[in-house]
$ cat model.txt   # compact mmCIF, C-alpha atoms and all ligand atoms
# COMPACT_ATOMS: atom_id res chain seq x y z
CA VAL A 28 -50.18 45.44 70.21
CA THR A 29 -48.22 47.64 67.85
CA LEU A 30 -49.76 50.98 68.70
CA ALA A 31 -51.21 52.53 71.82
CA LEU A 32 -52.97 55.86 72.26
CA ARG A 33 -52.80 57.69 75.57
CA VAL A 34 -55.11 60.67 76.06
CA LEU A 35 -53.24 63.62 77.57
CA GLY A 36 -56.02 66.14 76.99
CA SER A 37 -59.37 66.26 75.21
CA GLU A 38 -61.03 69.48 76.42
CA PRO A 39 -62.39 72.23 74.17
CA ALA A 40 -60.40 75.48 73.74
CA TRP A 41 -61.01 76.58 77.36
CA PRO A 42 -59.88 73.66 79.54
CA SER A 43 -61.48 72.83 82.89
CA ALA A 44 -59.46 72.88 86.13
CA GLY A 45 -56.80 70.17 86.07
CA ARG A 46 -57.50 69.38 82.41
CA ALA A 47 -55.75 70.13 79.14
CA CYS A 48 -56.83 70.96 75.58
CA THR A 49 -56.07 68.55 72.75
CA GLY A 50 -53.04 66.25 72.88
CA PHE A 51 -52.50 62.51 72.39
CA LEU A 52 -49.44 60.39 72.97
CA LEU A 53 -48.92 57.52 70.53
CA GLU A 54 -46.72 54.74 71.80
CA THR A 55 -45.18 53.15 68.73
CA PRO A 56 -42.38 50.62 68.07
CA GLY A 57 -40.22 53.50 66.79
CA GLY A 58 -40.74 55.67 69.88
CA PRO A 59 -43.38 57.99 71.29
CA VAL A 60 -45.14 60.50 69.04
CA LEU A 61 -47.27 63.44 70.20
CA VAL A 62 -50.32 64.42 68.15
CA ASP A 63 -51.36 68.04 68.83
CA CYS A 64 -50.01 70.11 71.71
CA GLY A 65 -52.76 72.37 73.04
CA THR A 66 -52.99 74.39 76.23
CA GLY A 67 -51.87 72.32 79.24
CA ILE A 68 -50.44 69.43 77.22
CA PHE A 69 -46.76 70.10 77.93
CA GLU A 70 -47.30 69.71 81.68
CA ARG A 71 -49.37 66.53 81.14
CA LEU A 72 -46.62 65.18 78.87
CA ARG A 73 -43.96 65.74 81.54
CA ALA A 74 -46.01 63.68 83.95
CA VAL A 75 -45.67 60.72 81.55
CA LEU A 76 -42.16 60.92 80.06
CA PRO A 77 -39.20 63.26 79.55
CA PRO A 78 -40.51 65.30 76.59
CA GLU A 79 -37.14 65.23 74.78
CA ARG A 80 -37.66 61.47 74.36
CA LEU A 81 -40.45 62.11 71.86
CA ARG A 82 -39.58 61.03 68.38
CA ALA A 83 -41.95 63.49 66.73
CA VAL A 84 -44.74 66.01 67.24
CA ILE A 85 -47.51 66.37 64.64
CA ILE A 86 -49.84 69.39 64.63
CA SER A 87 -53.23 69.09 62.90
CA HIS A 88 -53.91 72.84 62.61
CA LEU A 89 -53.02 76.23 64.03
CA HIS A 90 -55.94 76.93 66.35
CA PHE A 91 -54.34 77.71 69.72
CA ASP A 92 -55.98 74.81 71.54
CA HIS A 93 -53.97 72.46 69.29
CA TRP A 94 -50.51 74.06 69.40
CA ALA A 95 -50.19 76.67 72.22
CA ASP A 96 -48.03 74.43 74.40
CA LEU A 97 -45.36 74.24 71.71
CA ILE A 98 -44.21 77.49 73.38
CA PRO A 99 -43.31 76.03 76.83
CA PHE A 100 -42.04 72.92 74.99
CA ARG A 101 -39.72 75.15 72.94
CA TYR A 102 -38.38 76.89 76.08
CA TYR A 103 -37.80 73.50 77.69
CA LEU A 104 -35.81 72.23 74.70
CA SER A 105 -33.80 75.44 74.30
CA PHE A 106 -33.00 76.20 77.94
CA GLY A 107 -33.85 73.05 79.91
CA ALA A 108 -33.16 69.70 78.29
CA ARG A 109 -31.00 70.81 75.32
CA PRO A 110 -31.19 67.35 73.71
CA GLU A 111 -28.69 66.29 71.06
CA ARG A 112 -31.49 64.92 68.88
CA PRO A 113 -34.61 67.04 69.37
CA PRO A 114 -38.03 65.74 68.36
CA THR A 115 -39.08 66.43 64.80
CA LEU A 116 -42.00 68.88 64.51
CA HIS A 117 -44.42 68.30 61.63
CA LEU A 118 -46.62 71.28 60.80
CA PRO A 119 -49.31 71.94 58.19
CA PRO A 120 -48.20 73.60 54.94
CA GLY A 121 -47.43 77.30 55.45
CA ALA A 122 -47.41 77.00 59.24
CA VAL A 123 -43.73 77.88 59.74
CA GLU A 124 -44.35 81.40 58.43
CA VAL A 125 -47.64 81.82 60.30
CA LEU A 126 -46.12 80.81 63.63
CA GLN A 127 -43.22 83.17 63.00
CA ARG A 128 -45.65 86.06 62.47
CA VAL A 129 -47.46 85.20 65.70
CA ILE A 130 -44.25 84.97 67.77
CA GLU A 131 -42.30 87.87 66.23
CA PRO A 132 -43.79 90.79 68.25
CA VAL A 133 -42.57 89.20 71.48
CA ASP A 134 -39.47 87.36 70.25
CA PRO A 135 -37.86 88.45 66.97
CA ASP A 136 -35.69 85.29 66.77
CA PRO A 137 -36.56 84.00 63.27
CA ARG A 138 -35.60 80.48 64.38
CA PHE A 139 -37.77 80.49 67.54
CA PHE A 140 -39.09 76.98 66.89
CA ALA A 141 -36.53 75.80 64.33
CA ASP A 142 -33.65 76.02 66.83
CA ALA A 143 -35.49 73.82 69.31
CA PHE A 144 -37.26 71.25 67.13
CA GLU A 145 -36.23 69.80 63.81
CA THR A 146 -39.07 71.48 61.92
CA PHE A 147 -40.91 70.34 58.79
CA GLU A 148 -44.13 71.10 56.94
CA TYR A 149 -45.92 67.95 55.82
CA ASP A 150 -47.25 67.37 52.34
CA PRO A 151 -50.97 66.53 52.66
CA GLU A 152 -50.83 64.74 49.29
CA GLY A 153 -48.01 62.49 50.42
CA THR A 154 -47.27 60.01 53.18
CA LEU A 155 -45.24 60.97 56.23
CA GLU A 156 -43.09 58.14 57.58
CA ILE A 157 -42.03 58.20 61.21
CA GLY A 158 -40.30 54.96 62.16
CA SER A 159 -42.73 52.21 61.20
CA LEU A 160 -45.68 54.63 61.07
CA GLU A 161 -47.19 55.70 57.77
CA ILE A 162 -49.31 58.79 58.14
CA SER A 163 -51.63 60.18 55.50
CA PHE A 164 -53.65 63.40 55.63
CA ARG A 165 -57.04 64.71 54.64
CA LYS A 166 -58.12 68.35 54.72
CA THR A 167 -61.20 68.84 56.91
CA VAL A 168 -64.02 71.38 56.99
CA HIS A 169 -62.77 73.97 59.49
CA PRO A 170 -62.09 77.75 59.47
CA VAL A 171 -58.31 77.28 59.14
CA ASP A 172 -56.44 74.64 57.11
CA THR A 173 -56.83 71.49 59.19
CA TYR A 174 -55.76 67.93 58.50
CA ALA A 175 -57.26 64.67 59.71
CA LEU A 176 -54.70 61.89 60.09
CA MET A 177 -54.68 58.20 59.27
CA VAL A 178 -51.86 56.48 61.12
CA ARG A 179 -50.96 52.96 60.00
CA THR A 180 -48.39 50.51 61.23
CA SER A 181 -48.23 46.73 60.79
CA GLY A 182 -51.62 45.40 61.80
CA ALA A 183 -53.01 48.57 63.38
CA SER A 184 -54.66 51.74 62.18
CA LEU A 185 -55.76 54.89 63.95
CA ALA A 186 -57.84 57.63 62.35
CA TYR A 187 -58.00 61.09 63.94
CA SER A 188 -60.57 63.58 62.70
CA ALA A 189 -58.70 66.65 64.02
CA ASP A 190 -61.31 69.46 64.13
CA THR A 191 -63.98 69.28 61.46
CA GLY A 192 -67.50 70.19 60.53
CA TRP A 193 -69.79 67.64 58.87
CA ASP A 194 -68.21 66.10 55.77
CA PRO A 195 -69.55 62.69 54.68
CA SER A 196 -66.44 62.08 52.55
CA LEU A 197 -64.41 61.87 55.76
CA ALA A 198 -65.99 58.42 56.20
CA ASP A 199 -63.98 57.18 53.18
CA PHE A 200 -60.76 58.46 54.72
CA VAL A 201 -61.32 56.77 58.10
CA CYS A 202 -62.70 53.60 56.47
CA GLY A 203 -62.03 50.43 58.46
CA ALA A 204 -59.82 52.05 61.12
CA ASP A 205 -59.22 49.97 64.25
CA LEU A 206 -59.76 53.12 66.28
CA PHE A 207 -61.45 56.35 65.20
CA LEU A 208 -60.59 59.27 67.43
CA CYS A 209 -63.26 61.78 66.46
CA GLU A 210 -64.08 65.23 67.68
CA ALA A 211 -67.58 65.96 68.94
CA GLY A 212 -67.12 69.61 69.81
CA TRP A 213 -70.83 70.44 69.53
CA GLY A 214 -71.74 67.73 72.01
CA ALA A 215 -75.43 66.91 72.16
CA ASP A 216 -76.69 69.55 69.71
CA GLY A 217 -75.95 70.07 66.09
CA ARG A 218 -75.44 73.84 66.30
CA ALA A 219 -75.75 76.13 63.31
CA ALA A 220 -72.04 76.45 62.55
CA GLY A 221 -71.67 73.24 60.56
CA ASP A 222 -68.25 74.22 59.24
CA MET A 223 -66.65 74.17 62.69
CA HIS A 224 -67.33 71.01 64.74
CA LEU A 225 -69.35 67.80 64.86
CA SER A 226 -72.09 66.79 67.26
CA GLY A 227 -71.90 63.45 69.05
CA ALA A 228 -74.54 62.10 66.66
CA GLU A 229 -72.53 63.20 63.61
CA ALA A 230 -69.37 61.56 65.01
CA GLY A 231 -71.37 58.35 65.47
CA ARG A 232 -72.74 58.61 61.93
CA LEU A 233 -69.22 58.98 60.48
CA ALA A 234 -68.05 55.96 62.51
CA ARG A 235 -70.94 53.88 61.12
CA MET A 236 -70.40 55.06 57.54
CA GLY A 237 -66.64 54.38 57.81
CA GLY A 238 -67.15 50.92 59.31
CA VAL A 239 -64.58 51.57 62.03
CA GLU A 240 -63.96 49.11 64.87
CA ARG A 241 -64.14 51.52 67.78
CA LEU A 242 -65.00 55.19 68.38
CA LEU A 243 -63.40 57.53 70.88
CA LEU A 244 -64.88 61.02 71.29
CA THR A 245 -62.66 64.02 71.94
CA HIS A 246 -62.89 67.86 72.08
CA VAL A 247 -65.59 67.43 74.71
CA ALA A 248 -65.74 68.99 78.20
CA GLU A 249 -66.07 66.25 80.78
CA PRO A 250 -69.58 67.22 82.04
CA GLU A 251 -70.85 66.98 78.44
CA ALA A 252 -69.26 63.58 77.83
CA PRO A 253 -72.05 61.20 78.95
CA VAL A 254 -74.77 62.83 76.82
CA THR A 255 -72.39 63.17 73.86
CA VAL A 256 -71.49 59.48 74.05
CA ARG A 257 -75.21 58.58 74.23
CA CYS A 258 -75.90 60.62 71.07
CA ALA A 259 -73.08 58.81 69.22
CA ARG A 260 -74.35 55.40 70.38
CA ARG A 261 -77.71 56.07 68.76
CA GLU A 262 -75.92 56.25 65.38
CA TYR A 263 -73.17 53.65 65.75
CA ARG A 264 -73.42 50.14 67.21
CA GLY A 265 -69.71 49.57 67.92
CA PRO A 266 -67.95 50.52 71.15
CA VAL A 267 -68.03 54.27 71.92
CA ASP A 268 -66.04 55.91 74.70
CA TYR A 269 -65.14 59.39 75.85
CA ALA A 270 -61.43 60.17 75.48
CA ALA A 271 -61.02 60.74 79.21
CA PRO A 272 -57.65 62.18 80.22
CA GLY A 273 -55.29 59.35 81.20
CA LEU A 274 -57.18 56.76 79.17
CA THR A 275 -54.90 54.41 77.21
CA VAL A 276 -56.25 52.38 74.29
CA ARG A 277 -54.13 49.58 72.84
CA ILE A 278 -54.73 49.01 69.15
ZN ZN B 1 -59.84 74.09 65.55
$ encode --input "model.txt" --output "structure tokens" --more "lines below"
Ligand SMILES: [Zn+2]
Amino acid sequence: VTLALRVLGSEPAWPSAGRACTGFLLETPGGPVLVDCGTGIFERLRAVLPPERLRAVIISHLHFDHWADLIPFRYYLSFGARPERPPTLHLPPGAVEVLQRVIEPVDPDPRFFADAFETFEYDPEGTLEIGSLEISFRKTVHPVDTYALMVRTSGASLAYSADTGWDPSLADFVCGADLFLCEAGWGADGRAAGDMHLSGAEAGRLARMGGVERLLLTHVAEPEAPVTVRCARREYRGPVDYAAPGLTVRI
């Protein structure tokens, strides 16, 4: 096992009681890495490890349910833990300025995040290296710039759809992944807004087209999970599970 994924939160933008929005902890040989940091994730993270021990945080896009808990995380780093080597924060292109504009009316400190995290914007055309991880990016179909991730390390690969509407070319990007963590925000129905989220059936179709080894469905409220998983199973014959909070998958 060279890579493990622990689900911290997998709810849609309005989390249920005791649940969190999107956030996943990757346990890697080079240290723990957090992928997305939505509402409720910082508290879930603290239940698992001291957050300053994270090597890096990667944000897929700037919808609040994927980054809102960077705010309590920032306060913790600035006023609580004050680590000598803070986690690196990897944001989509242009995000540093956007976050600054969001924060400025309540805190004019131009280095609100940069003083707490070591902050970078990733290059979606390039490869981001974090320890032994090699991470590549693919822009998805979503109302704001959003990037799916392919995380590779020796002998293991994890694909994460981030948020996306239907895009058959995403199957090429996730091709052959050991684990495909895919959103199924529309659950059982394929609703009209195809440029926003996938249904369970569409997630299953992508998994089949990409020939992945295993499918894990996220961005799903827990009561919707069983029917969403059933829809995906009709399209994809490999193992399908709901990314239940607390679930750990070794890759
Ligand atoms: Zn989104």
$ closest_atom_pairs --input "model.txt" --of "range 56-164 of chain A" --to "range 193-217 of chain A" --cutoff "12 Å" --atoms "only C-alpha atoms" --output "Markdown table"
| residue | atom | partner | partner_atom | distance |
| --- | --- | --- | --- | --- |
| A:Val62 | CA | A:Leu208 | CA | 11.5 |
| A:Ile162 | CA | A:Phe200 | CA | 12.0 |
| A:Ser163 | CA | A:Phe200 | CA | 9.3 |
| A:Phe164 | CA | A:Phe200 | CA | 8.7 |
$ residues_near_ligand --input "model.txt" --ligand "ligand ZN 1 (chain B)" --cutoff "7 Å" --atoms "all atoms listed in the file" --output "list in words"
His88, His90, His169 and Asp190 of chain A
$ residues_near_point --input "model.txt" --point "(-65.9, 65.8, 78.0)" --cutoff "9 Å" --atoms "all atoms listed in the file" --output "number ranges by chain"
A: 37-39, 214, 244-253, 255, 269-271
$ residues_around --input "model.txt" --residues "Asp136 in chain A" --least-positions-apart "6" --cutoff "10 Å" --atoms "all atoms listed in the file" --output "VMD selection string"
chain A and resid 127 130 142
$ write_last_selection --input "model.txt" --atoms "C-alpha atoms" --output "mmCIF file, in the coordinates of the input"
data_model
loop_
_atom_site.group_PDB
_atom_site.id
_atom_site.type_symbol
_atom_site.label_atom_id
_atom_site.label_comp_id
_atom_site.auth_asym_id
_atom_site.auth_seq_id
_atom_site.Cartn_x
_atom_site.Cartn_y
_atom_site.Cartn_z
ATOM 1 C CA GLN A 127 -43.220 83.170 63.000
ATOM 2 C CA ILE A 130 -44.250 84.970 67.770
ATOM 3 C CA ASP A 142 -33.650 76.020 66.830
#
$ axis_aligned_box --input "model.txt" --around "range 146-164 of chain A" --padding-each-side "6 Å" --output "lines of an AutoDock Vina configuration file"
center_x = -46.4
center_y = 61.8
center_z = 55.7
size_x = 26.6
size_y = 31.3
size_z = 24.9
$ closest_residue --input "model.txt" --among "A:Trp41, A:Tyr263, A:Phe100, A:Phe91" --to "Val129 in chain A" --atoms "all atoms listed in the file"
A:Phe91
$ atom_distance --input "model.txt" --atom1 "CA of Leu126 in chain A" --atom2 "CA of Ala186 in chain A"
26.0 Å
$ atom_distance --input "model.txt" --atom1 "CA of Leu89 in chain A" --atom2 "CA of Asp63 in chain A"
9.6 Å
$ atom_distance --input "model.txt" --atom1 "CA of Arg179 in chain A" --atom2 "CA of Leu35 in chain A"
20.7 Å
$ closest_residue --input "model.txt" --among "A:Met177, A:Ala143, A:Ala40, A:Val133" --to "Ser105 in chain A" --atoms "only C-alpha atoms"
A:Ala143
$ residues_around --input "model.txt" --residues "Val125 in chain A" --least-positions-apart "3" --cutoff "12 Å" --atoms "only C-alpha atoms" --output "NGL selection string"
:A and (88-90 or 118-122 or 128-131 or 137 or 140 or 148 or 171-172)
$ closest_residue --input "model.txt" --among "A:Pro113, A:Pro151, A:Gly65, A:Pro170" --to "Leu97 in chain A" --atoms "all atoms listed in the file"
A:Gly65
$ closest_residue --input "model.txt" --among "A:Leu76, A:Leu30, A:Ala95, A:Val267" --to "Gly50 in chain A" --atoms "all atoms listed in the file"
A:Ala95
$ closest_residue --input "model.txt" --among "A:Pro77, A:Gly192, A:Pro59, A:Gly153" --to "Leu32 in chain A" --atoms "all atoms listed in the file"
A:Pro59
$ residues_around --input "model.txt" --residues "His117 in chain A" --least-positions-apart "3" --cutoff "7 Å" --atoms "only C-alpha atoms" --output "list of chain:residue names"
A:Val84, A:Ile85, A:Ile86, A:Thr146, A:Phe147, A:Glu148, A:Tyr149
$ write_last_selection --input "model.txt" --atoms "C-alpha atoms" --output "PDB file, in the coordinates of the input"
ATOM      1  CA  VAL A  84     -44.740  66.010  67.240  1.00  0.00           C
ATOM      2  CA  ILE A  85     -47.510  66.370  64.640  1.00  0.00           C
ATOM      3  CA  ILE A  86     -49.840  69.390  64.630  1.00  0.00           C
ATOM      4  CA  THR A 146     -39.070  71.480  61.920  1.00  0.00           C
ATOM      5  CA  PHE A 147     -40.910  70.340  58.790  1.00  0.00           C
ATOM      6  CA  GLU A 148     -44.130  71.100  56.940  1.00  0.00           C
ATOM      7  CA  TYR A 149     -45.920  67.950  55.820  1.00  0.00           C
TER       8      TYR A 149
END
$ closest_residue --input "model.txt" --among "A:Arg264, A:Arg112, A:Arg33, A:Arg46" --to "Val239 in chain A" --atoms "only C-alpha atoms"
A:Arg264
$ build_atoms --input "model.txt" --residues "range 162-173 of chain A" --atoms "all heavy atoms" --output "PDB file, keeping the file's coordinate frame"
ATOM      1  N   ILE A 162     -48.248  57.859  57.802  1.00  0.00           N
ATOM      2  CA  ILE A 162     -49.310  58.790  58.140  1.00  0.00           C
ATOM      3  C   ILE A 162     -49.780  59.493  56.874  1.00  0.00           C
ATOM      4  O   ILE A 162     -48.963  60.074  56.141  1.00  0.00           O
ATOM      5  CB  ILE A 162     -48.805  59.823  59.171  1.00  0.00           C
ATOM      6  CG1 ILE A 162     -48.329  59.070  60.425  1.00  0.00           C
ATOM      7  CG2 ILE A 162     -49.887  60.831  59.522  1.00  0.00           C
ATOM      8  CD1 ILE A 162     -47.429  59.872  61.314  1.00  0.00           C
ATOM      9  N   SER A 163     -51.080  59.435  56.629  1.00  0.00           N
ATOM     10  CA  SER A 163     -51.630  60.180  55.500  1.00  0.00           C
ATOM     11  C   SER A 163     -52.604  61.229  56.038  1.00  0.00           C
ATOM     12  O   SER A 163     -53.043  61.166  57.193  1.00  0.00           O
ATOM     13  CB  SER A 163     -52.278  59.254  54.482  1.00  0.00           C
ATOM     14  OG  SER A 163     -53.128  58.340  55.119  1.00  0.00           O
ATOM     15  N   PHE A 164     -52.954  62.184  55.194  1.00  0.00           N
ATOM     16  CA  PHE A 164     -53.650  63.400  55.630  1.00  0.00           C
ATOM     17  C   PHE A 164     -54.896  63.628  54.789  1.00  0.00           C
ATOM     18  O   PHE A 164     -54.975  63.225  53.633  1.00  0.00           O
ATOM     19  CB  PHE A 164     -52.721  64.614  55.466  1.00  0.00           C
ATOM     20  CG  PHE A 164     -51.432  64.489  56.218  1.00  0.00           C
ATOM     21  CD1 PHE A 164     -50.314  63.911  55.628  1.00  0.00           C
ATOM     22  CD2 PHE A 164     -51.338  64.935  57.524  1.00  0.00           C
ATOM     23  CE1 PHE A 164     -49.121  63.777  56.330  1.00  0.00           C
ATOM     24  CE2 PHE A 164     -50.149  64.811  58.229  1.00  0.00           C
ATOM     25  CZ  PHE A 164     -49.041  64.233  57.624  1.00  0.00           C
ATOM     26  N   ARG A 165     -55.835  64.343  55.375  1.00  0.00           N
ATOM     27  CA  ARG A 165     -57.040  64.710  54.640  1.00  0.00           C
ATOM     28  C   ARG A 165     -57.535  66.039  55.178  1.00  0.00           C
ATOM     29  O   ARG A 165     -57.770  66.180  56.375  1.00  0.00           O
ATOM     30  CB  ARG A 165     -58.095  63.636  54.890  1.00  0.00           C
ATOM     31  CG  ARG A 165     -59.458  64.011  54.442  1.00  0.00           C
ATOM     32  CD  ARG A 165     -59.643  63.593  53.007  1.00  0.00           C
ATOM     33  NE  ARG A 165     -61.005  63.779  52.587  1.00  0.00           N
ATOM     34  CZ  ARG A 165     -61.624  62.973  51.742  1.00  0.00           C
ATOM     35  NH1 ARG A 165     -61.003  61.934  51.256  1.00  0.00           N
ATOM     36  NH2 ARG A 165     -62.841  63.228  51.370  1.00  0.00           N
ATOM     37  N   LYS A 166     -57.667  67.017  54.306  1.00  0.00           N
ATOM     38  CA  LYS A 166     -58.120  68.350  54.720  1.00  0.00           C
ATOM     39  C   LYS A 166     -59.568  68.266  55.215  1.00  0.00           C
ATOM     40  O   LYS A 166     -60.408  67.627  54.582  1.00  0.00           O
ATOM     41  CB  LYS A 166     -58.019  69.319  53.556  1.00  0.00           C
ATOM     42  CG  LYS A 166     -58.054  70.764  53.983  1.00  0.00           C
ATOM     43  CD  LYS A 166     -57.695  71.654  52.810  1.00  0.00           C
ATOM     44  CE  LYS A 166     -57.650  73.107  53.231  1.00  0.00           C
ATOM     45  NZ  LYS A 166     -57.256  73.971  52.124  1.00  0.00           N
ATOM     46  N   THR A 167     -59.845  68.897  56.338  1.00  0.00           N
ATOM     47  CA  THR A 167     -61.200  68.840  56.910  1.00  0.00           C
ATOM     48  C   THR A 167     -61.938  70.152  56.656  1.00  0.00           C
ATOM     49  O   THR A 167     -61.391  71.091  56.070  1.00  0.00           O
ATOM     50  CB  THR A 167     -61.147  68.582  58.427  1.00  0.00           C
ATOM     51  OG1 THR A 167     -60.685  69.761  59.100  1.00  0.00           O
ATOM     52  CG2 THR A 167     -60.248  67.403  58.775  1.00  0.00           C
ATOM     53  N   VAL A 168     -63.189  70.185  57.107  1.00  0.00           N
ATOM     54  CA  VAL A 168     -64.020  71.380  56.990  1.00  0.00           C
ATOM     55  C   VAL A 168     -63.875  72.169  58.289  1.00  0.00           C
ATOM     56  O   VAL A 168     -64.434  71.794  59.324  1.00  0.00           O
ATOM     57  CB  VAL A 168     -65.498  70.973  56.773  1.00  0.00           C
ATOM     58  CG1 VAL A 168     -66.405  72.189  56.774  1.00  0.00           C
ATOM     59  CG2 VAL A 168     -65.646  70.186  55.484  1.00  0.00           C
ATOM     60  N   HIS A 169     -63.088  73.235  58.269  1.00  0.00           N
ATOM     61  CA  HIS A 169     -62.770  73.970  59.490  1.00  0.00           C
ATOM     62  C   HIS A 169     -62.285  75.356  59.067  1.00  0.00           C
ATOM     63  O   HIS A 169     -61.773  75.497  57.955  1.00  0.00           O
ATOM     64  CB  HIS A 169     -61.698  73.201  60.276  1.00  0.00           C
ATOM     65  CG  HIS A 169     -61.678  73.492  61.745  1.00  0.00           C
ATOM     66  ND1 HIS A 169     -62.792  73.386  62.547  1.00  0.00           N
ATOM     67  CD2 HIS A 169     -60.671  73.883  62.577  1.00  0.00           C
ATOM     68  CE1 HIS A 169     -62.464  73.701  63.786  1.00  0.00           C
ATOM     69  NE2 HIS A 169     -61.184  74.022  63.837  1.00  0.00           N
ATOM     70  N   PRO A 170     -62.422  76.391  59.935  1.00  0.00           N
ATOM     71  CA  PRO A 170     -62.090  77.750  59.470  1.00  0.00           C
ATOM     72  C   PRO A 170     -60.632  77.984  59.101  1.00  0.00           C
ATOM     73  O   PRO A 170     -60.339  78.918  58.361  1.00  0.00           O
ATOM     74  CB  PRO A 170     -62.483  78.623  60.673  1.00  0.00           C
ATOM     75  CG  PRO A 170     -63.476  77.817  61.430  1.00  0.00           C
ATOM     76  CD  PRO A 170     -63.077  76.387  61.236  1.00  0.00           C
ATOM     77  N   VAL A 171     -59.710  77.190  59.600  1.00  0.00           N
ATOM     78  CA  VAL A 171     -58.310  77.280  59.140  1.00  0.00           C
ATOM     79  C   VAL A 171     -57.928  75.934  58.540  1.00  0.00           C
ATOM     80  O   VAL A 171     -58.579  74.927  58.808  1.00  0.00           O
ATOM     81  CB  VAL A 171     -57.333  77.652  60.278  1.00  0.00           C
ATOM     82  CG1 VAL A 171     -57.668  78.998  60.871  1.00  0.00           C
ATOM     83  CG2 VAL A 171     -57.316  76.572  61.366  1.00  0.00           C
ATOM     84  N   ASP A 172     -56.858  75.902  57.725  1.00  0.00           N
ATOM     85  CA  ASP A 172     -56.440  74.640  57.110  1.00  0.00           C
ATOM     86  C   ASP A 172     -56.151  73.605  58.198  1.00  0.00           C
ATOM     87  O   ASP A 172     -55.286  73.827  59.053  1.00  0.00           O
ATOM     88  CB  ASP A 172     -55.179  74.854  56.263  1.00  0.00           C
ATOM     89  CG  ASP A 172     -55.484  75.610  54.971  1.00  0.00           C
ATOM     90  OD1 ASP A 172     -56.674  75.875  54.709  1.00  0.00           O
ATOM     91  OD2 ASP A 172     -54.529  75.930  54.251  1.00  0.00           O
ATOM     92  N   THR A 173     -56.871  72.518  58.134  1.00  0.00           N
ATOM     93  CA  THR A 173     -56.830  71.490  59.190  1.00  0.00           C
ATOM     94  C   THR A 173     -56.761  70.127  58.532  1.00  0.00           C
ATOM     95  O   THR A 173     -57.423  69.895  57.520  1.00  0.00           O
ATOM     96  CB  THR A 173     -58.095  71.603  60.066  1.00  0.00           C
ATOM     97  OG1 THR A 173     -58.166  72.914  60.619  1.00  0.00           O
ATOM     98  CG2 THR A 173     -58.103  70.584  61.189  1.00  0.00           C
TER      99      THR A 173
END
